[in-house]
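The structure file final.cif is reproduced below (mmCIF, C-alpha atoms and all ligand atoms).
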data_run
#
loop_
_atom_site.label_atom_id
_atom_site.label_comp_id
_atom_site.auth_asym_id
_atom_site.auth_seq_id
_atom_site.Cartn_x
_atom_site.Cartn_y
_atom_site.Cartn_z
CA GLY A 18 13.96 24.49 122.18
CA GLY A 19 16.49 27.26 121.67
CA LEU A 20 17.04 29.73 118.87
CA ARG A 21 16.31 28.82 115.28
CA GLY A 22 18.09 29.85 112.10
CA ALA A 23 21.73 29.18 113.03
CA THR A 24 22.61 28.45 109.41
CA ILE A 25 21.02 31.69 108.20
CA LEU A 26 22.63 33.88 110.85
CA ASP A 27 25.99 32.17 110.45
CA ALA A 28 25.86 32.59 106.65
CA LEU A 29 24.86 36.28 106.43
CA ASP A 30 28.32 37.80 106.19
CA THR A 31 29.64 35.02 103.96
CA LEU A 32 26.82 35.69 101.47
CA TYR A 33 27.57 39.39 101.62
CA ILE A 34 31.32 38.98 101.13
CA MET A 35 30.78 36.57 98.22
CA GLU A 36 28.42 39.11 96.63
CA LEU A 37 25.52 36.66 96.59
CA ALA A 38 23.10 39.58 96.75
CA GLU A 39 19.82 37.72 96.27
CA GLU A 40 20.60 35.07 98.84
CA PHE A 41 21.75 37.77 101.23
CA GLN A 42 18.42 39.65 100.85
CA GLU A 43 16.54 36.45 101.49
CA ALA A 44 18.54 35.80 104.65
CA LYS A 45 18.08 39.40 105.78
CA SER A 46 14.32 39.29 105.38
CA TRP A 47 14.21 36.04 107.36
CA VAL A 48 16.05 37.85 110.17
CA GLU A 49 13.58 40.77 109.96
CA LYS A 50 10.40 38.72 109.80
CA SER A 51 11.01 35.32 111.33
CA PHE A 52 13.95 35.46 113.73
CA ASP A 53 12.26 35.00 117.11
CA LEU A 54 14.31 35.93 120.16
CA ASN A 55 11.59 35.19 122.68
CA VAL A 56 12.11 31.48 122.93
CA ASN A 57 12.04 29.21 125.92
CA GLY A 58 14.32 26.20 126.07
CA GLU A 59 18.01 25.86 126.53
CA ALA A 60 20.63 27.77 124.63
CA SER A 61 24.39 27.73 125.00
CA LEU A 62 25.72 31.16 126.04
CA PHE A 63 28.88 30.47 124.03
CA GLU A 64 27.18 29.24 120.86
CA VAL A 65 24.60 32.05 120.89
CA ASN A 66 27.39 34.55 121.31
CA ILE A 67 29.79 33.28 118.63
CA ARG A 68 27.22 32.31 115.98
CA TYR A 69 24.25 34.67 116.49
CA VAL A 70 25.66 37.77 118.19
CA GLY A 71 28.87 37.49 116.15
CA GLY A 72 26.93 36.92 112.92
CA LEU A 73 24.63 39.90 113.55
CA LEU A 74 27.48 42.21 114.54
CA ALA A 75 29.49 41.34 111.43
CA ALA A 76 26.42 41.78 109.22
CA TYR A 77 25.88 45.18 110.81
CA TYR A 78 29.48 46.35 110.39
CA LEU A 79 29.59 45.19 106.78
CA THR A 80 26.24 46.66 105.69
CA GLY A 81 25.29 49.34 108.23
CA GLU A 82 21.75 47.92 108.29
CA GLU A 83 20.02 48.82 111.55
CA VAL A 84 18.11 45.53 111.89
CA PHE A 85 21.36 43.64 112.55
CA ARG A 86 22.49 46.12 115.19
CA SER A 87 19.21 46.11 117.08
CA LYS A 88 18.88 42.30 117.03
CA ALA A 89 22.46 41.90 118.25
CA LEU A 90 21.80 44.24 121.17
CA GLU A 91 18.47 42.62 122.03
CA LEU A 92 20.09 39.20 122.06
CA GLY A 93 23.10 40.46 124.02
CA GLU A 94 20.78 41.74 126.79
CA LYS A 95 19.20 38.31 127.05
CA LEU A 96 22.56 36.71 127.79
CA LEU A 97 23.29 38.87 130.84
CA PRO A 98 21.44 36.79 133.49
CA ALA A 99 23.96 33.95 132.93
CA PHE A 100 26.54 36.15 134.71
CA ASN A 101 24.58 36.26 137.98
CA THR A 102 26.91 33.92 139.86
CA PRO A 103 29.05 34.52 142.98
CA THR A 104 32.16 35.09 140.85
CA GLY A 105 30.59 36.63 137.76
CA ILE A 106 31.92 33.69 135.72
CA PRO A 107 28.84 32.86 133.62
CA ARG A 108 27.14 29.49 133.53
CA GLY A 109 27.10 27.62 130.24
CA VAL A 110 23.39 27.20 129.54
CA ILE A 111 20.65 29.82 129.62
CA ASN A 112 16.91 29.97 129.05
CA LEU A 113 16.51 33.10 126.94
CA GLY A 114 12.87 33.44 127.96
CA SER A 115 13.11 33.13 131.72
CA GLY A 116 16.75 34.14 132.21
CA MET A 117 17.37 30.97 134.23
CA SER A 118 20.85 29.59 133.78
CA TRP A 119 22.64 26.43 134.78
CA SER A 120 25.79 24.43 134.05
CA TRP A 121 26.14 21.69 131.46
CA GLY A 122 25.11 18.36 132.99
CA TRP A 123 28.25 16.70 131.64
CA ALA A 124 30.72 19.28 132.98
CA SER A 125 32.15 18.09 136.28
CA ALA A 126 30.75 19.55 139.52
CA GLY A 127 28.71 22.36 138.02
CA SER A 128 31.70 23.96 136.40
CA SER A 129 31.98 26.45 133.55
CA ILE A 130 34.21 25.81 130.55
CA LEU A 131 37.29 27.90 129.74
CA ALA A 132 36.59 28.00 125.98
CA GLU A 133 33.02 29.12 126.70
CA PHE A 134 33.35 31.89 129.29
CA GLY A 135 36.66 32.86 127.69
CA THR A 136 35.11 33.46 124.26
CA LEU A 137 32.90 36.47 124.84
CA HIS A 138 35.32 39.37 124.92
CA LEU A 139 35.33 40.51 121.28
CA GLU A 140 31.54 40.50 120.85
CA PHE A 141 30.83 42.05 124.26
CA LEU A 142 33.15 44.99 123.62
CA HIS A 143 31.24 45.68 120.42
CA LEU A 144 27.90 45.39 122.23
CA THR A 145 29.07 48.15 124.57
CA GLU A 146 30.38 50.19 121.64
CA LEU A 147 27.07 49.99 119.78
CA SER A 148 24.75 50.42 122.75
CA GLY A 149 26.73 52.82 124.92
CA ASN A 150 25.96 50.41 127.78
CA PRO A 151 29.13 49.60 129.74
CA VAL A 152 27.65 46.45 131.29
CA PHE A 153 28.87 44.13 128.52
CA THR A 154 32.47 45.28 128.83
CA GLU A 155 32.26 45.12 132.63
CA LYS A 156 31.16 41.47 132.49
CA VAL A 157 34.08 40.35 130.35
CA MET A 158 36.66 42.48 132.15
CA ASN A 159 35.55 40.84 135.39
CA ILE A 160 36.17 37.38 133.89
CA ARG A 161 39.68 38.47 133.05
CA LYS A 162 40.17 39.77 136.60
CA VAL A 163 39.06 36.47 138.13
CA LEU A 164 41.45 34.56 135.86
CA ASN A 165 44.36 36.84 136.64
CA ARG A 166 43.95 36.30 140.37
CA LEU A 167 44.01 32.52 140.06
CA GLU A 168 47.01 30.28 140.49
CA LYS A 169 47.79 28.43 137.24
CA PRO A 170 49.40 24.99 137.40
CA GLN A 171 52.75 25.37 135.54
CA GLY A 172 51.33 28.58 134.07
CA LEU A 173 48.64 26.57 132.25
CA TYR A 174 44.88 27.22 132.25
CA PRO A 175 42.72 24.19 133.14
CA ASN A 176 39.51 23.69 131.13
CA PHE A 177 36.98 23.72 134.00
CA LEU A 178 36.33 26.45 136.58
CA SER A 179 33.64 26.65 139.26
CA PRO A 180 31.49 29.79 138.84
CA VAL A 181 30.62 29.49 142.54
CA THR A 182 34.01 29.13 144.23
CA GLY A 183 36.17 30.49 141.43
CA ASN A 184 38.51 27.50 141.69
CA TRP A 185 39.69 25.13 138.97
CA VAL A 186 37.67 21.94 139.03
CA GLN A 187 40.33 19.67 137.53
CA HIS A 188 43.67 20.04 135.83
CA HIS A 189 43.01 19.11 132.21
CA VAL A 190 44.53 21.52 129.69
CA SER A 191 43.84 21.64 125.97
CA VAL A 192 44.48 23.92 123.03
CA GLY A 193 41.73 21.88 121.31
CA GLY A 194 38.16 21.43 122.51
CA LEU A 195 37.23 23.05 125.87
CA GLY A 196 40.25 25.38 125.82
CA ASP A 197 40.83 26.53 122.22
CA SER A 198 39.11 29.86 121.65
CA PHE A 199 40.03 31.22 125.10
CA TYR A 200 43.62 31.61 123.84
CA GLU A 201 42.38 32.90 120.50
CA TYR A 202 40.35 35.66 122.17
CA LEU A 203 43.29 36.84 124.26
CA VAL A 204 45.44 37.57 121.23
CA LYS A 205 42.51 38.86 119.19
CA SER A 206 41.47 41.21 122.03
CA TRP A 207 44.92 42.73 121.80
CA LEU A 208 44.68 43.01 118.00
CA MET A 209 41.13 44.39 118.06
CA SER A 210 42.24 47.13 120.45
CA ASP A 211 44.81 48.20 117.84
CA LYS A 212 47.45 46.67 120.12
CA ARG A 213 46.60 48.87 123.09
CA ASP A 214 45.12 46.16 125.38
CA ASP A 215 48.41 45.13 126.92
CA GLY A 216 46.68 43.07 129.63
CA ALA A 217 45.36 40.70 126.98
CA ARG A 218 48.72 40.55 125.21
CA LYS A 219 50.48 39.61 128.40
CA MET A 220 47.99 36.90 129.34
CA TYR A 221 48.35 35.46 125.85
CA ASN A 222 52.13 35.62 125.96
CA ASP A 223 52.33 33.90 129.34
CA ALA A 224 49.85 31.21 128.31
CA LEU A 225 51.63 30.54 125.02
CA GLU A 226 55.02 30.29 126.73
CA ALA A 227 53.60 27.70 129.16
CA ILE A 228 51.97 25.79 126.29
CA GLU A 229 55.21 25.76 124.36
CA LYS A 230 57.17 24.60 127.36
CA HIS A 231 54.82 21.82 128.46
CA LEU A 232 52.63 20.77 125.53
CA VAL A 233 54.44 21.38 122.23
CA LYS A 234 56.22 18.20 121.14
CA LYS A 235 57.97 16.78 118.10
CA SER A 236 57.12 13.26 116.92
CA ALA A 237 59.66 10.60 115.95
CA GLY A 238 58.87 11.45 112.34
CA GLY A 239 59.64 15.11 112.92
CA LEU A 240 56.09 16.50 113.15
CA THR A 241 55.44 19.31 115.63
CA TYR A 242 52.17 18.96 117.55
CA ILE A 243 50.40 20.21 120.66
CA ALA A 244 49.58 17.46 123.14
CA GLU A 245 46.86 17.54 125.78
CA TRP A 246 47.67 17.62 129.49
CA ARG A 247 45.86 15.62 132.13
CA GLY A 248 47.16 16.89 135.45
CA GLY A 249 50.80 16.51 134.45
CA ILE A 250 50.40 13.47 132.19
CA LEU A 251 50.56 14.04 128.44
CA ASP A 252 48.07 12.60 125.98
CA HIS A 253 49.87 12.59 122.61
CA LYS A 254 46.81 13.48 120.65
CA MET A 255 45.85 16.56 118.69
CA GLY A 256 42.23 17.35 117.92
CA HIS A 257 41.13 18.86 114.62
CA LEU A 258 39.93 21.78 116.77
CA ALA A 259 43.52 22.44 117.93
CA CYS A 260 44.59 23.02 114.32
CA PHE A 261 43.36 26.62 114.51
CA SER A 262 46.49 27.29 116.61
CA GLY A 263 48.82 27.49 113.60
CA GLY A 264 46.88 30.52 112.40
CA MET A 265 46.61 31.99 115.88
CA ILE A 266 50.33 31.75 116.62
CA ALA A 267 51.16 33.33 113.24
CA LEU A 268 48.60 36.09 113.70
CA GLY A 269 50.02 36.98 117.12
CA ALA A 270 53.66 36.36 116.16
CA GLU A 271 54.85 39.84 117.13
CA GLN A 272 53.22 39.89 120.57
CA GLY A 273 56.36 38.55 122.26
CA GLY A 274 58.55 41.27 120.72
CA GLU A 275 60.24 41.61 117.32
CA GLU A 276 63.03 39.13 118.23
CA LYS A 277 60.57 36.32 118.81
CA LYS A 278 58.45 37.00 115.74
CA GLN A 279 60.29 34.61 113.41
CA HIS A 280 60.31 31.94 116.11
CA TYR A 281 56.52 32.07 116.36
CA LEU A 282 56.07 32.17 112.58
CA ASP A 283 58.19 29.00 112.37
CA LEU A 284 56.22 27.30 115.13
CA ALA A 285 52.96 28.27 113.40
CA ALA A 286 54.22 26.89 110.08
CA ALA A 287 55.31 23.63 111.74
CA ILE A 288 51.92 23.09 113.39
CA THR A 289 50.08 23.95 110.16
CA HIS A 290 52.31 21.47 108.32
CA THR A 291 51.36 18.75 110.81
CA CYS A 292 47.66 19.50 110.38
CA HIS A 293 48.09 19.32 106.61
CA GLU A 294 49.74 15.92 107.11
CA SER A 295 46.65 14.72 108.97
CA TYR A 296 44.70 15.50 105.79
CA ALA A 297 47.33 14.23 103.33
CA ARG A 298 47.60 10.87 105.13
CA SER A 299 43.89 10.08 104.75
CA ASP A 300 42.23 8.48 101.74
CA THR A 301 39.73 11.30 101.30
CA LYS A 302 42.35 14.06 101.80
CA LEU A 303 40.20 15.39 104.62
CA GLY A 304 41.44 15.16 108.19
CA PRO A 305 40.05 13.16 111.13
CA GLU A 306 38.49 14.63 114.28
CA ALA A 307 41.62 13.71 116.24
CA PHE A 308 45.01 12.26 115.38
CA ARG A 309 47.71 10.72 117.49
CA PHE A 310 51.42 10.44 117.91
CA ASP A 311 51.79 7.26 119.89
CA SER A 312 52.30 3.53 119.36
CA GLY A 313 53.62 4.07 115.86
CA SER A 314 51.00 6.48 114.63
CA GLU A 315 51.97 9.82 113.12
CA ALA A 316 49.16 12.30 112.51
CA THR A 317 46.56 9.59 111.94
CA ALA A 318 43.47 8.61 113.91
CA THR A 319 43.88 5.33 115.74
CA ARG A 320 40.39 5.02 117.18
CA LEU A 321 37.31 4.36 115.10
CA SER A 322 35.45 7.02 117.03
CA GLU A 323 37.92 9.71 115.95
CA ARG A 324 37.88 9.13 112.20
CA TYR A 325 35.01 11.42 111.25
CA TYR A 326 35.11 14.85 109.56
CA ILE A 327 32.19 17.23 110.16
CA LEU A 328 33.19 20.02 107.74
CA ARG A 329 35.29 21.77 110.37
CA PRO A 330 37.26 24.90 109.43
CA GLU A 331 40.37 24.92 111.66
CA VAL A 332 42.87 23.58 109.15
CA VAL A 333 41.85 25.92 106.31
CA GLU A 334 41.68 28.74 108.86
CA SER A 335 45.39 28.23 109.53
CA TYR A 336 46.07 28.06 105.77
CA LEU A 337 44.43 31.47 105.37
CA TYR A 338 46.48 33.15 108.12
CA MET A 339 49.70 31.49 106.95
CA TRP A 340 49.00 32.62 103.39
CA ARG A 341 48.26 36.20 104.40
CA LEU A 342 51.33 36.39 106.62
CA THR A 343 53.91 34.57 104.48
CA HIS A 344 52.53 34.36 100.91
CA ASP A 345 54.04 30.91 100.56
CA PRO A 346 52.05 29.47 97.63
CA LYS A 347 51.83 26.04 99.27
CA TYR A 348 49.00 27.30 101.49
CA ARG A 349 46.85 28.04 98.44
CA GLN A 350 47.70 24.60 97.04
CA TRP A 351 46.73 22.97 100.33
CA GLY A 352 43.49 24.95 100.38
CA TRP A 353 42.71 23.84 96.85
CA GLU A 354 43.23 20.19 97.87
CA VAL A 355 40.50 20.74 100.47
CA VAL A 356 38.15 22.34 97.92
CA LYS A 357 38.57 19.30 95.66
CA ALA A 358 38.05 16.81 98.48
CA LEU A 359 34.92 18.62 99.69
CA GLU A 360 33.49 18.55 96.16
CA LYS A 361 34.34 14.91 95.72
CA TYR A 362 33.36 13.44 99.07
CA CYS A 363 31.07 15.86 100.91
CA ARG A 364 28.85 17.42 98.26
CA VAL A 365 25.35 15.97 98.31
CA GLU A 366 22.09 16.95 96.67
CA ALA A 367 21.01 19.49 99.27
CA GLY A 368 24.41 20.95 100.16
CA PHE A 369 27.44 19.46 101.88
CA SER A 370 27.61 16.67 104.44
CA GLY A 371 30.08 15.49 107.04
CA ILE A 372 31.58 12.02 106.57
CA ARG A 373 31.91 9.21 109.07
CA ASP A 374 35.40 7.97 108.23
CA VAL A 375 38.06 9.91 106.34
CA TYR A 376 39.94 6.67 105.64
CA THR A 377 37.11 4.95 103.74
CA ILE A 378 36.25 5.52 100.08
CA PRO A 379 33.48 6.11 99.17
CA PRO A 380 32.71 7.70 102.53
CA ASN A 381 29.42 7.42 104.41
CA HIS A 382 27.66 10.74 104.85
CA ASP A 383 26.33 11.81 108.24
CA ASN A 384 23.61 13.92 106.58
CA MET A 385 24.51 17.02 108.53
CA GLN A 386 25.73 20.40 107.32
CA GLN A 387 27.03 22.26 110.36
CA SER A 388 26.36 26.01 110.30
CA PHE A 389 30.07 26.73 110.74
CA PHE A 390 30.68 25.25 107.29
CA LEU A 391 29.08 28.36 105.75
CA ALA A 392 30.35 30.78 108.41
CA GLU A 393 33.93 29.58 108.49
CA THR A 394 35.08 26.81 106.17
CA LEU A 395 33.76 28.38 102.97
CA LYS A 396 34.62 31.92 104.05
CA TYR A 397 38.24 31.06 104.84
CA LEU A 398 38.62 29.11 101.59
CA TYR A 399 37.16 32.01 99.62
CA LEU A 400 39.43 34.55 101.32
CA LEU A 401 42.45 32.33 100.67
CA PHE A 402 41.99 33.10 96.96
CA CYS A 403 41.15 36.80 97.37
CA GLU A 404 43.53 39.75 97.50
CA ASP A 405 44.78 40.62 101.00
CA ASP A 406 42.69 43.80 101.15
CA VAL A 407 39.42 41.85 101.22
CA LEU A 408 38.81 41.93 104.99
CA SER A 409 42.39 42.96 105.66
CA LEU A 410 43.95 41.64 108.86
CA GLU A 411 44.94 45.22 109.66
CA ASP A 412 41.34 46.33 109.94
CA TRP A 413 39.38 43.26 110.99
CA VAL A 414 39.57 40.43 113.48
CA PHE A 415 37.51 37.30 112.90
CA ASN A 416 35.58 36.05 115.87
CA THR A 417 35.93 32.33 116.56
CA GLU A 418 33.07 31.61 114.14
CA ALA A 419 34.85 33.68 111.41
CA HIS A 420 32.56 36.69 111.75
CA PRO A 421 34.63 39.81 111.02
CA LEU A 422 34.65 42.59 113.63
CA PRO A 423 36.43 45.89 113.03
CA VAL A 424 39.68 46.81 114.75
CA ASN A 425 39.29 49.81 117.02
CA HIS A 426 41.51 52.23 115.10
CA THR A 427 41.43 55.74 116.42
CA SER A 428 42.32 56.99 112.97
CA VAL A 429 40.05 59.38 111.12
CA GLU A 430 39.53 56.83 108.34
CA ALA A 431 37.92 54.32 110.68
CA LYS A 432 35.71 57.03 112.14
CA ALA A 433 34.73 58.12 108.64
CA ASN A 434 33.74 54.55 107.83
CA GLY A 435 31.36 54.75 110.73
CA PHE A 436 33.07 52.10 112.81
CA TYR A 437 33.71 54.24 115.86
C1 LIG B 1 33.04 26.60 115.61
O1 LIG B 1 31.78 26.77 116.19
C2 LIG B 1 34.03 27.55 116.23
O2 LIG B 1 35.14 27.66 115.40
C3 LIG B 1 34.45 27.12 117.61
O3 LIG B 1 35.46 27.94 118.13
C4 LIG B 1 34.97 25.69 117.55
N1 LIG B 1 34.08 24.77 116.92
C5 LIG B 1 33.41 25.15 115.68
C6 LIG B 1 34.10 24.68 114.42
O4 LIG B 1 34.74 23.49 114.45
#
Would it be possible to restate this file's structure as structure tokens?
Ligand code: DMJ
Amino acid sequence: GGLRGATILDALDTLYIMELAEEFQEAKSWVEKSFDLNVNGEASLFEVNIRYVGGLLAAYYLTGEEVFRSKALELGEKLLPAFNTPTGIPRGVINLGSGMSWSWGWASAGSSILAEFGTLHLEFLHLTELSGNPVFTEKVMNIRKVLNRLEKPQGLYPNFLSPVTGNWVQHHVSVGGLGDSFYEYLVKSWLMSDKRDDGARKMYNDALEAIEKHLVKKSAGGLTYIAEWRGGILDHKMGHLACFSGGMIALGAEQGGEEKKQHYLDLAAAITHTCHESYARSDTKLGPEAFRFDSGSEATATRLSERYYILRPEVVESYLYMWRLTHDPKYRQWGWEVVKALEKYCRVEAGFSGIRDVYTIPPNHDNMQQSFFLAETLKYLYLLFCEDDVLSLEDWVFNTEAHPLPVNHTSVEAKANGFY
């Protein structure tokens, strides 16, 4: 069940940016003729939002083609029933046909996930902008209100929240999976508002200060990493997913005031360096799903189950932001190492494949090309070697699936470009 065509929708803007005009037309006509929104079966609110709504919005803003706008709005409407809970915190899974929604079976006690309900803001503001319907903005502003009222343990945001009671369900905290893009969307909400959304800036600043105080550590070998927190106990592990945080911290470096800007740029560089080490210390020069800093290990996976690489973007995403913000040539070199490793170990006849163990040569392929490879990994690598004015960070924010959304400038230029 669920929506089809994730790879096509996720690739639209990448094709457009890379000037692959024929392939873009082919993808566009698939969206016009074959993209069916009236499906039954389960869909993840979060995934539909970041991949499909985000992909359609970016395609619309880049091309001005009406089909992308109308499909984005139609899909956005179908997500609204997931918010019909006592708190307005949406549930994670929705049937797009019936509007029924429920929580993930694996999430404890019917809870909703921070990185899921906290990763809607950018797209929903644009849905309101393009439809004139305030409901989308109201839904995400209410989520923010609920979060602001809650007590945070040590200032940290746990990963699970009950949409019924509005209480945290446990006290696990992560800048990787289950938490990650919540933090990203706070700072990007501020940036997308042309730095006027001070509420988002403050939430981000407070969260980052708590993260720095409780989770940022330095290994015996001098590598800076972000640990996970299990109700006060640290797990000295960093997921590949958490490696987006180098880029995020650099992108938001000035949010804590000019004096702290260099401090955050240094922290961002240190985290990005550690993530590069997780790649450099593997045989394939691609990084594992998770790496650890305990019992003698330094930025390497210790468990068999954490040695895979599924074409994830987070490390090259941080290279792109670090390059744009510092112009240190090492970030382009590091990006090029990834290009070479992808060609050597992941390219297969029909495209690119994930690998089962980054420490084994030749690697075993998992025969899967995730849609985010086209949306994010290839887009960030391409932009790393473009001039800074191709999707400038002044004018665009990337949603968490790397779909560019325009900054809400009030300037006449932005209006003239038809953005607002
Ligand atoms: C993508 O869908 C998004 O980047 C999301 O925020 C995290 N997981 C994948 C990529 O690894």
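Of note, atom CA of His293 of chain A and atom CA of Cys403 of chain A are spaced 21.0 Å apart.
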remark   = In terms of only C-alpha atoms, the residue from A:His253, A:Lys50, A:Lys230, A:His290 at minimal distance from Ala318 of chain A is A:His253
Output as JSON lines one row per residue of segment 243-352 of chain A within 12 Å of segment 357-374 of chain A: the closest atom pair and its distance in Å to one decimal place, counting all atoms listed in the file, sorted by chain and residue number ascending.
{"residue": "A:Tyr296", "atom": "CA", "partner": "A:Ala358", "partner_atom": "CA", "distance": 10.0}
{"residue": "A:Ala297", "atom": "CA", "partner": "A:Ala358", "partner_atom": "CA", "distance": 10.8}
{"residue": "A:Ser299", "atom": "CA", "partner": "A:Asp374", "partner_atom": "CA", "distance": 9.4}
{"residue": "A:Asp300", "atom": "CA", "partner": "A:Asp374", "partner_atom": "CA", "distance": 9.4}
{"residue": "A:Thr301", "atom": "CA", "partner": "A:Ala358", "partner_atom": "CA", "distance": 6.4}
{"residue": "A:Lys302", "atom": "CA", "partner": "A:Ala358", "partner_atom": "CA", "distance": 6.1}
{"residue": "A:Leu303", "atom": "CA", "partner": "A:Ala358", "partner_atom": "CA", "distance": 6.7}
{"residue": "A:Gly304", "atom": "CA", "partner": "A:Asp374", "partner_atom": "CA", "distance": 9.4}
{"residue": "A:Pro305", "atom": "CA", "partner": "A:Asp374", "partner_atom": "CA", "distance": 7.5}
{"residue": "A:Glu306", "atom": "CA", "partner": "A:Asp374", "partner_atom": "CA", "distance": 9.5}
{"residue": "A:Ala307", "atom": "CA", "partner": "A:Asp374", "partner_atom": "CA", "distance": 11.7}
{"residue": "A:Thr317", "atom": "CA", "partner": "A:Asp374", "partner_atom": "CA", "distance": 11.9}
{"residue": "A:Ala318", "atom": "CA", "partner": "A:Asp374", "partner_atom": "CA", "distance": 9.9}
{"residue": "A:Thr319", "atom": "CA", "partner": "A:Asp374", "partner_atom": "CA", "distance": 11.6}
{"residue": "A:Arg320", "atom": "CA", "partner": "A:Asp374", "partner_atom": "CA", "distance": 10.7}
{"residue": "A:Leu321", "atom": "CA", "partner": "A:Asp374", "partner_atom": "CA", "distance": 8.0}
{"residue": "A:Ser322", "atom": "CA", "partner": "A:Asp374", "partner_atom": "CA", "distance": 8.9}
{"residue": "A:Glu323", "atom": "CA", "partner": "A:Asp374", "partner_atom": "CA", "distance": 8.3}
{"residue": "A:Arg324", "atom": "CA", "partner": "A:Asp374", "partner_atom": "CA", "distance": 4.8}
{"residue": "A:Tyr325", "atom": "CA", "partner": "A:Arg373", "partner_atom": "CA", "distance": 4.4}
{"residue": "A:Tyr326", "atom": "CA", "partner": "A:Ile372", "partner_atom": "CA", "distance": 5.4}
{"residue": "A:Ile327", "atom": "CA", "partner": "A:Gly371", "partner_atom": "CA", "distance": 4.1}
{"residue": "A:Leu328", "atom": "CA", "partner": "A:Gly371", "partner_atom": "CA", "distance": 5.5}
{"residue": "A:Arg329", "atom": "CA", "partner": "A:Gly371", "partner_atom": "CA", "distance": 8.8}
{"residue": "A:Pro330", "atom": "CA", "partner": "A:Leu359", "partner_atom": "CA", "distance": 11.8}
{"residue": "A:Gln350", "atom": "CA", "partner": "A:Lys357", "partner_atom": "CA", "distance": 10.6}
{"residue": "A:Trp351", "atom": "CA", "partner": "A:Lys357", "partner_atom": "CA", "distance": 10.1}
{"residue": "A:Gly352", "atom": "CA", "partner": "A:Lys357", "partner_atom": "CA", "distance": 8.9}
Any chance you can output those residues with C-alpha atoms as a tab-separated table (two decimals), in the coordinates of the input?
chain	number	residue	atom	x	y	z
A	296	TYR	CA	44.70	15.50	105.79
A	297	ALA	CA	47.33	14.23	103.33
A	299	SER	CA	43.89	10.08	104.75
A	300	ASP	CA	42.23	8.48	101.74
A	301	THR	CA	39.73	11.30	101.30
A	302	LYS	CA	42.35	14.06	101.80
A	303	LEU	CA	40.20	15.39	104.62
A	304	GLY	CA	41.44	15.16	108.19
A	305	PRO	CA	40.05	13.16	111.13
A	306	GLU	CA	38.49	14.63	114.28
A	307	ALA	CA	41.62	13.71	116.24
A	317	THR	CA	46.56	9.59	111.94
A	318	ALA	CA	43.47	8.61	113.91
A	319	THR	CA	43.88	5.33	115.74
A	320	ARG	CA	40.39	5.02	117.18
A	321	LEU	CA	37.31	4.36	115.10
A	322	SER	CA	35.45	7.02	117.03
A	323	GLU	CA	37.92	9.71	115.95
A	324	ARG	CA	37.88	9.13	112.20
A	325	TYR	CA	35.01	11.42	111.25
A	326	TYR	CA	35.11	14.85	109.56
A	327	ILE	CA	32.19	17.23	110.16
A	328	LEU	CA	33.19	20.02	107.74
A	329	ARG	CA	35.29	21.77	110.37
A	330	PRO	CA	37.26	24.90	109.43
A	350	GLN	CA	47.70	24.60	97.04
A	351	TRP	CA	46.73	22.97	100.33
A	352	GLY	CA	43.49	24.95	100.38
task = With all atoms listed in the file counted, collect every polymer residue having an atom within 6 Å of ligand LIG 1 (chain B); state the result as a PyMOL selection string.
result = chain A and resi 198+258+329-330+389+417-418
Residue neighbourhood Gly109 of chain A, 8 Å, all atoms listed in the file, exclusion window fewer than 5 positions, as number ranges by chain = A: 61-63, 99, 118-121, 129-130, 133-134
request  = In Å, rounded to a single decimal, give me how far atom CA of Lys347 of chain A is from atom CA of Ala224 of chain A.
outcome  =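 One can read the atom CA of Ala224 of chain A to atom CA of Lys347 of chain A distance as 29.6 Å.
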query = Can you list, as a VMD selection string, every protein, DNA or RNA residue that comes within 7 Å of segment 160-172 of chain A when you count all atoms listed in the file, leaving out same-chain residues fewer than 4 positions away?
reply = chain A and resid 105 to 106 156 224 227
request  = Step by step: start from the point (8.7, 34.0, 129.6) in the file's coordinates, keep every protein, DNA or RNA residue that has an atom no farther than 7 Å from it, count all atoms listed in the file, and write the set as a list in words.
outcome  = Asn57, Gly114 and Ser115 of chain A
request  = Identify, on the basis of all atoms listed in the file, every residue whose closest approach to Val152 of chain A does not exceed 12 Å; exclude the query and any residue fewer than 3 positions from it along the same chain; express the result as a ChimeraX atom specification.
outcome  = /A:90,93-94,96-98,100,141-146,148-149,155-159
request  = Quote the spacing between atom CA of Ile243 of chain A and atom CA of Lys205 of chain A in Å to one decimal place.
outcome  =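 Taking atom CA of Ile243 of chain A as the start and atom CA of Lys205 of chain A as the end point, the length is 20.3 Å.
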key: Using all atoms listed in the file: which of A:Ser128, A:Asn381, A:Thr289, A:Ser295 has the shortest distance to Met339 of chain A   = A:Thr289
query = If we count only C-alpha atoms, what is near Ala60 of chain A at a cut-off of 6 Å, once residues fewer than 2 positions away on the same chain are taken out, given as a list in words?
reply = Gly19, Val110 and Ile111 of chain A
task = Find the spatial neighbours of Glu404 of chain A, counting all atoms listed in the file, within a cut-off of 12 Å - ignore same-chain residues fewer than 5 positions away - and output them as number ranges by chain.
result = A: 337, 340-341, 344, 399, 409-410
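You can rank A:Phe177, A:Tyr202, A:Tyr78, A:Tyr69 by their closest distance to Pro421 of chain A using only C-alpha atoms, and at the top of that list sits A:Tyr78.
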remark   = Of A:Gly183, A:Arg298, A:Val333, A:Val407, the one nearest to Val375 of chain A when counting all atoms listed in the file is A:Arg298
request  = Between A:Gly248, A:Gly71, A:Pro180, A:Gly273, single out the one closest to Asn101 of chain A, counting only C-alpha atoms.
outcome  =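 Closest candidate: A:Pro180.
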request  = Measuring atom to atom with all atoms listed in the file, identify which of A:Leu113, A:Leu147, A:Leu225, A:Ala244 is nearest to Tyr281 of chain A.
outcome  =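 Among the listed residues, A:Leu225 lies closest to Tyr281 of chain A.
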